[in-house]
$ cat query-v5.tsv   # TSV, C-alpha atoms
chain	number	residue	atom	x	y	z
A	283	MET	CA	75.34	87.21	25.48
A	284	THR	CA	74.54	87.30	29.17
A	285	PRO	CA	71.21	86.08	30.57
A	286	ALA	CA	70.35	89.69	31.39
A	287	GLU	CA	70.97	90.75	27.78
A	288	ILE	CA	68.88	87.84	26.50
A	289	GLY	CA	66.09	88.89	28.86
A	290	LEU	CA	66.28	92.47	27.57
A	291	LEU	CA	66.20	91.22	23.98
A	292	ILE	CA	63.11	89.08	24.63
A	293	THR	CA	61.41	92.04	26.29
A	294	ALA	CA	62.29	94.27	23.32
A	295	VAL	CA	60.88	91.71	20.87
A	296	GLN	CA	57.72	91.36	22.95
A	297	CYS	CA	57.30	95.15	23.05
A	298	ALA	CA	57.75	95.36	19.28
A	299	LEU	CA	55.26	92.55	18.73
A	300	THR	CA	52.72	94.18	21.07
A	301	GLU	CA	53.14	97.55	19.40
A	302	GLY	CA	52.90	95.94	15.96
A	303	LYS	CA	49.79	94.08	17.00
A	304	ASP	CA	48.20	97.27	18.37
A	305	LEU	CA	48.90	99.07	15.10
A	306	TYR	CA	47.62	96.10	13.08
A	307	ASP	CA	44.48	95.86	15.22
A	308	ALA	CA	43.80	99.58	14.80
A	309	ALA	CA	44.20	99.34	11.01
A	310	GLN	CA	42.01	96.24	10.87
A	311	LEU	CA	39.32	97.86	13.01
A	312	LYS	CA	39.33	100.95	10.78
A	313	ALA	CA	39.12	98.79	7.63
A	314	LEU	CA	36.31	96.69	9.11
A	315	ALA	CA	34.43	99.79	10.28
A	316	ASP	CA	34.70	101.31	6.78
A	317	LEU	CA	33.45	98.06	5.24
A	318	GLU	CA	30.59	97.89	7.73
A	319	VAL	CA	29.45	101.39	6.70
A	320	LYS	CA	29.61	100.41	3.01
A	321	LEU	CA	27.75	97.18	3.74
A	322	GLN	CA	24.95	98.86	5.67
A	323	GLY	CA	24.55	101.33	2.79
A	324	MET	CA	24.44	98.43	0.34
A	325	LEU	CA	21.82	96.56	2.41
A	326	THR	CA	19.65	99.68	2.47
A	327	THR	CA	20.06	100.10	-1.30
A	328	VAL	CA	19.12	96.46	-1.93
A	329	GLN	CA	15.97	96.78	0.18
A	330	ALA	CA	15.00	100.00	-1.61
A	331	ASP	CA	15.65	98.49	-5.07
A	332	ARG	CA	13.69	95.38	-4.10
A	333	ALA	CA	10.69	97.41	-2.89
A	334	THR	CA	10.73	99.60	-6.02
A	335	ALA	CA	11.07	96.68	-8.45
A	336	ASN	CA	8.37	94.63	-6.75
A	337	ALA	CA	5.94	97.54	-6.59
A	338	ASP	CA	6.59	98.52	-10.23
A	339	ILE	CA	6.30	94.95	-11.52
A	340	ASP	CA	3.10	94.28	-9.54
A	341	ALA	CA	1.53	97.53	-10.77
A	342	ARG	CA	2.42	96.76	-14.43
A	343	ASP	CA	1.21	93.18	-14.02
A	344	LYS	CA	-2.14	94.36	-12.69
A	345	ALA	CA	-2.52	97.00	-15.42
A	346	LEU	CA	-1.64	94.50	-18.14
A	347	GLU	CA	-4.11	91.90	-16.85
A	348	GLN	CA	-6.82	94.58	-16.84
A	349	LYS	CA	-5.96	95.47	-20.44
A	350	LEU	CA	-6.04	91.82	-21.44
A	351	ASP	CA	-9.42	91.34	-19.72
A	352	ALA	CA	-10.82	94.48	-21.36
A	353	ALA	CA	-9.65	93.26	-24.78
A	354	LYS	CA	-11.72	90.05	-24.52
B	97	MET	CA	56.29	80.76	26.34
B	98	ARG	CA	54.97	84.30	26.65
B	99	GLY	CA	56.24	85.07	23.14
B	100	PHE	CA	54.49	81.99	21.78
B	101	MET	CA	51.21	82.94	23.46
B	102	LEU	CA	51.46	86.47	22.06
B	103	ALA	CA	52.15	85.12	18.57
B	104	LEU	CA	49.12	82.83	18.93
B	105	VAL	CA	46.92	85.77	19.88
B	106	ILE	CA	48.20	87.77	16.89
B	107	VAL	CA	47.64	84.91	14.42
B	108	SER	CA	44.19	84.23	15.88
B	109	GLY	CA	43.31	87.93	15.63
B	110	ILE	CA	44.48	88.08	12.01
B	111	GLY	CA	42.41	84.97	11.19
B	112	CYS	CA	39.20	86.41	12.67
B	113	ALA	CA	39.69	89.80	11.00
B	114	THR	CA	40.38	88.12	7.65
B	115	ALA	CA	37.30	85.90	7.91
B	116	GLN	CA	35.17	88.90	8.78
B	117	LYS	CA	36.66	91.05	6.02
B	118	ASP	CA	36.31	88.28	3.40
B	119	THR	CA	32.69	87.79	4.38
B	120	MET	CA	31.91	91.48	4.24
B	121	VAL	CA	33.48	91.72	0.79
B	122	ALA	CA	31.40	88.69	-0.33
B	123	GLU	CA	28.29	90.31	1.15
B	124	LEU	CA	29.03	93.52	-0.75
B	125	ALA	CA	29.44	91.54	-3.98
B	126	LEU	CA	26.12	89.76	-3.44
B	127	GLY	CA	24.42	93.03	-2.46
B	128	SER	CA	25.71	94.66	-5.62
B	129	ALA	CA	24.47	91.73	-7.75
B	130	LEU	CA	21.06	91.97	-6.06
B	131	SER	CA	20.78	95.72	-6.50
B	132	ILE	CA	21.71	95.46	-10.19
B	133	GLY	CA	19.40	92.46	-10.49
B	134	TYR	CA	16.33	94.26	-9.14
B	135	ARG	CA	16.96	97.31	-11.34
B	136	THR	CA	17.49	95.08	-14.35
B	137	ILE	CA	14.31	93.03	-13.92
B	138	ASP	CA	12.37	96.25	-13.34
B	139	GLY	CA	13.73	97.65	-16.62
B	140	ILE	CA	13.15	94.42	-18.55
B	141	ASP	CA	9.61	94.17	-17.17
B	142	LYS	CA	8.82	97.70	-18.33
B	143	ILE	CA	10.07	96.99	-21.86
B	144	LYS	CA	8.23	93.68	-22.05
B	145	THR	CA	4.91	94.83	-20.57
B	146	ASP	CA	4.94	97.95	-22.78
B	147	ALA	CA	5.46	95.73	-25.82
B	148	ILE	CA	2.61	93.40	-24.80
B	149	ALA	CA	0.33	96.38	-24.06
B	150	GLN	CA	1.10	97.75	-27.54
B	151	GLU	CA	0.07	94.42	-29.06
B	152	ILE	CA	-3.25	94.67	-27.21
B	153	LEU	CA	-3.73	98.18	-28.61
B	154	ASN	CA	-2.92	96.85	-32.09
B	155	GLY	CA	-5.72	94.31	-31.72
B	156	GLU	CA	-3.33	91.37	-31.42
B	157	LYS	CA	-5.04	90.08	-28.30
B	158	ASP	CA	-4.19	86.39	-28.74
B	159	LYS	CA	-0.55	87.12	-29.47
B	160	ALA	CA	-0.39	89.38	-26.41
B	161	LYS	CA	-1.98	86.72	-24.20
B	162	ALA	CA	0.39	84.07	-25.47
B	163	GLU	CA	3.44	86.25	-24.90
B	164	TYR	CA	2.26	87.25	-21.45
B	165	SER	CA	1.70	83.63	-20.43
B	166	VAL	CA	5.28	82.79	-21.46
B	167	TYR	CA	6.81	85.93	-20.00
B	168	LYS	CA	5.08	86.01	-16.61
B	169	PRO	CA	6.63	82.79	-15.19
B	170	LYS	CA	10.06	84.02	-16.25
B	171	ILE	CA	9.79	87.31	-14.41
B	172	GLU	CA	8.35	85.51	-11.36
B	173	LYS	CA	11.25	83.03	-11.44
B	174	ALA	CA	13.73	85.93	-11.54
B	175	ARG	CA	11.99	87.65	-8.63
B	176	ASP	CA	12.06	84.43	-6.62
B	177	ALA	CA	15.79	83.99	-7.30
B	178	LEU	CA	16.49	87.55	-6.18
B	179	ASN	CA	14.39	87.05	-3.06
B	180	VAL	CA	16.40	83.91	-2.22
B	181	GLY	CA	19.54	86.01	-2.65
B	182	VAL	CA	18.19	88.63	-0.25
B	183	ASP	CA	17.46	85.90	2.31
B	184	VAL	CA	21.00	84.50	1.99
B	185	LEU	CA	22.46	87.98	2.36
B	186	GLY	CA	20.32	88.75	5.41
B	187	ASP	CA	21.12	85.43	7.10
B	188	ALA	CA	24.85	85.73	6.37
B	189	ASP	CA	24.91	89.27	7.73
B	190	LYS	CA	23.18	88.21	10.94
B	191	ALA	CA	25.56	85.25	11.34
B	192	ARG	CA	28.59	87.48	10.72
B	193	VAL	CA	27.48	90.03	13.31
B	194	ALA	CA	26.80	87.21	15.82
B	195	ALA	CA	30.20	85.61	15.11
B	196	SER	CA	32.01	88.93	15.47
B	197	LYS	CA	30.39	89.39	18.89
B	198	SER	CA	31.03	85.84	20.12
B	199	GLY	CA	34.41	85.45	18.41
B	200	THR	CA	33.50	81.99	17.07
B	201	TRP	CA	34.22	81.83	13.35
B	202	ALA	CA	34.63	78.09	12.85
B	203	ASP	CA	31.13	77.40	11.48
B	204	PHE	CA	30.78	80.81	9.99
B	205	ASN	CA	33.16	80.22	7.09
B	206	ASN	CA	30.44	78.05	5.48
B	207	TRP	CA	28.72	81.29	4.51
B	208	LEU	CA	31.45	82.33	2.10
B	209	PRO	CA	30.63	79.68	-0.57
B	210	GLN	CA	26.90	80.29	-0.05
B	211	LEU	CA	27.32	84.01	-0.70
B	212	ALA	CA	29.39	83.35	-3.80
B	213	SER	CA	26.90	80.72	-5.00
B	214	ALA	CA	23.95	83.11	-4.52
B	215	ALA	CA	25.75	85.87	-6.45
B	216	ALA	CA	26.48	83.46	-9.33
B	217	MET	CA	22.85	82.24	-9.34
B	218	ILE	CA	21.57	85.82	-9.58
B	219	GLN	CA	23.91	86.69	-12.43
B	220	GLN	CA	22.72	83.61	-14.31
B	221	THR	CA	19.05	84.43	-13.61
B	222	ILE	CA	19.47	87.93	-14.96
B	223	ALA	CA	21.26	86.61	-18.05
B	224	ASP	CA	18.36	84.17	-18.62
B	225	LEU	CA	15.80	86.95	-18.21
B	226	LYS	CA	17.66	89.24	-20.61
B	227	ALA	CA	17.25	86.52	-23.21
B	228	VAL	CA	13.47	87.15	-23.30
B	229	LEU	CA	14.17	90.49	-24.96
B	230	GLN	CA	16.05	88.91	-27.82
$ encode --input "query-v5.tsv" --output "structure tokens"
Amino acid sequence: MTPAEIGLLITAVQCALTEGKDLYDAAQLKALADLEVKLQGMLTTVQADRATANADIDARDKALEQKLDAAK
Amino acid sequence: MRGFMLALVIVSGIGCATAQKDTMVAELALGSALSIGYRTIDGIDKIKTDAIAQEILNGEKDKAKAEYSVYKPKIEKARDALNVGVDVLGDADKARVAASKSGTWADFNNWLPQLASAAAMIQQTIADLKAVLQ
């Protein structure tokens, strides 16, 4: 193999690697973006469930204490 | 040399993306445990408080008071555990977003075991709370 052929081969490998990396990066970015959307939805759900549970539990707690006091 | 540098960039890129993806998956798992946890304690609390209220109506005031005094710390403990989980999730999410912007993931990987640990703690807390119904 001549030096020129070796140079061409290296360039071809580098092009393939660059193209592969671009494709990989694009796929990774898409996967990460999809996960980010899911995660933000999950964080919103957690906050909503937390607010609901805390409000419900506090309201029941208060009502039960009033019933206990009234039963004295 | 150029090939080596390119390979290094690729490997580094894969490492960062994997760390970020793993963390997001762990965050989703913790978020799911928290969401289920809050709904579960809300449901358990309704069952338990209804039962105690019924005892009051039946004139079993002392029994109701005794049950309430045992039950209340348990529900508060479960709420505290879930709140700790929410804090861990919030802090991990902030750290992940900061790391993805700065590109520094070295310290960030410490969050993975913390997320897993918080999810396990919540599952155990819910299992303990479910026991009050039995």
$ residues_around --input "query-v5.tsv" --residues "Leu185 of chain B" --least-positions-apart "2" --cutoff "9 Å" --atoms "only C-alpha atoms" --output "number ranges by chain"
A: 325; B: 123, 126-127, 180-183, 187-190, 211, 214
$ interface_residues --input "query-v5.tsv" --of "chain A" --to "chain B" --cutoff "10 Å" --atoms "only C-alpha atoms" --output "ChimeraX atom specification"
/A:292-293,295-296,299-300,302-304,306-307,310-311,313-315,317-318,320-339,342-343,345-347,349-354
$ residues_around --input "query-v5.tsv" --residues "Val228 of chain B" --least-positions-apart "6" --cutoff "9 Å" --atoms "only C-alpha atoms" --output "PyMOL selection string"
chain B and resi 140+144+167+170
$ atom_distance --input "query-v5.tsv" --atom1 "atom CA of Ala227 of chain B" --atom2 "atom CA of Leu208 of chain B"
29.3 Å
$ atom_distance --input "query-v5.tsv" --atom1 "atom CA of Lys312 of chain A" --atom2 "atom CA of Ala122 of chain B"
18.3 Å
$ atom_distance --input "query-v5.tsv" --atom1 "atom CA of Arg192 of chain B" --atom2 "atom CA of Met217 of chain B"
21.5 Å
$ closest_residue --input "query-v5.tsv" --among "B:Gln150, B:Gln230, B:Lys173, B:Ala115" --to "Gly199 of chain B" --atoms "all atoms listed in the file"
B:Ala115
$ decode --input "query-v5.tsv" --residues "segment 296-353 of chain A" --atoms "C-alpha atoms" --output "short mmCIF file (atom, residue, chain, number, x, y, z; two decimals), in the first residue's frame"
data_model
loop_
_atom_site.label_atom_id
_atom_site.label_comp_id
_atom_site.auth_asym_id
_atom_site.auth_seq_id
_atom_site.Cartn_x
_atom_site.Cartn_y
_atom_site.Cartn_z
CA GLN A 296 -12.17 9.29 9.98
CA CYS A 297 -15.15 10.20 7.80
CA ALA A 298 -16.95 7.00 8.82
CA LEU A 299 -16.21 7.66 12.49
CA THR A 300 -17.41 11.26 12.22
CA GLU A 301 -20.58 10.22 10.42
CA GLY A 302 -21.15 7.43 12.95
CA LYS A 303 -20.62 9.84 15.80
CA ASP A 304 -23.06 12.35 14.28
CA LEU A 305 -25.70 9.64 13.93
CA TYR A 306 -25.01 8.39 17.46
CA ASP A 307 -25.18 11.92 18.87
CA ALA A 308 -28.49 12.57 17.09
CA ALA A 309 -29.97 9.32 18.44
CA GLN A 310 -28.69 10.06 21.94
CA LEU A 311 -30.05 13.61 21.85
CA LYS A 312 -33.46 12.33 20.73
CA ALA A 313 -33.47 9.66 23.47
CA LEU A 314 -32.41 12.20 26.10
CA ALA A 315 -35.01 14.72 24.92
CA ASP A 316 -37.73 12.05 25.12
CA LEU A 317 -36.60 11.11 28.62
CA GLU A 318 -36.52 14.76 29.66
CA VAL A 319 -40.16 15.17 28.57
CA LYS A 320 -41.15 12.04 30.52
CA LEU A 321 -39.19 13.24 33.54
CA GLN A 322 -40.76 16.70 33.57
CA GLY A 323 -44.19 15.06 33.37
CA MET A 324 -43.26 12.77 36.25
CA LEU A 325 -42.00 15.68 38.38
CA THR A 326 -45.28 17.52 37.80
CA THR A 327 -47.26 14.38 38.72
CA VAL A 328 -45.24 13.91 41.92
CA GLN A 329 -45.84 17.51 42.98
CA ALA A 330 -49.57 17.18 42.25
CA ASP A 331 -49.84 13.85 44.13
CA ARG A 332 -47.89 15.33 47.04
CA ALA A 333 -50.15 18.39 47.26
CA THR A 334 -53.31 16.25 47.04
CA ALA A 335 -52.15 13.70 49.63
CA ASN A 336 -50.97 16.35 52.08
CA ALA A 337 -54.17 18.39 51.76
CA ASP A 338 -56.39 15.30 52.11
CA ILE A 339 -54.46 13.92 55.09
CA ASP A 340 -54.41 17.30 56.87
CA ALA A 341 -58.14 17.78 56.30
CA ARG A 342 -58.96 14.26 57.63
CA ASP A 343 -56.60 14.77 60.56
CA LYS A 344 -58.33 18.01 61.51
CA ALA A 345 -61.82 16.51 61.13
CA LEU A 346 -60.87 13.46 63.20
CA GLU A 347 -59.38 15.57 66.01
CA GLN A 348 -62.59 17.62 66.08
CA LYS A 349 -64.64 14.42 66.33
CA LEU A 350 -62.41 13.14 69.12
CA ASP A 351 -62.71 16.45 70.99
CA ALA A 352 -66.50 16.48 70.54
CA ALA A 353 -66.72 12.92 71.88
#
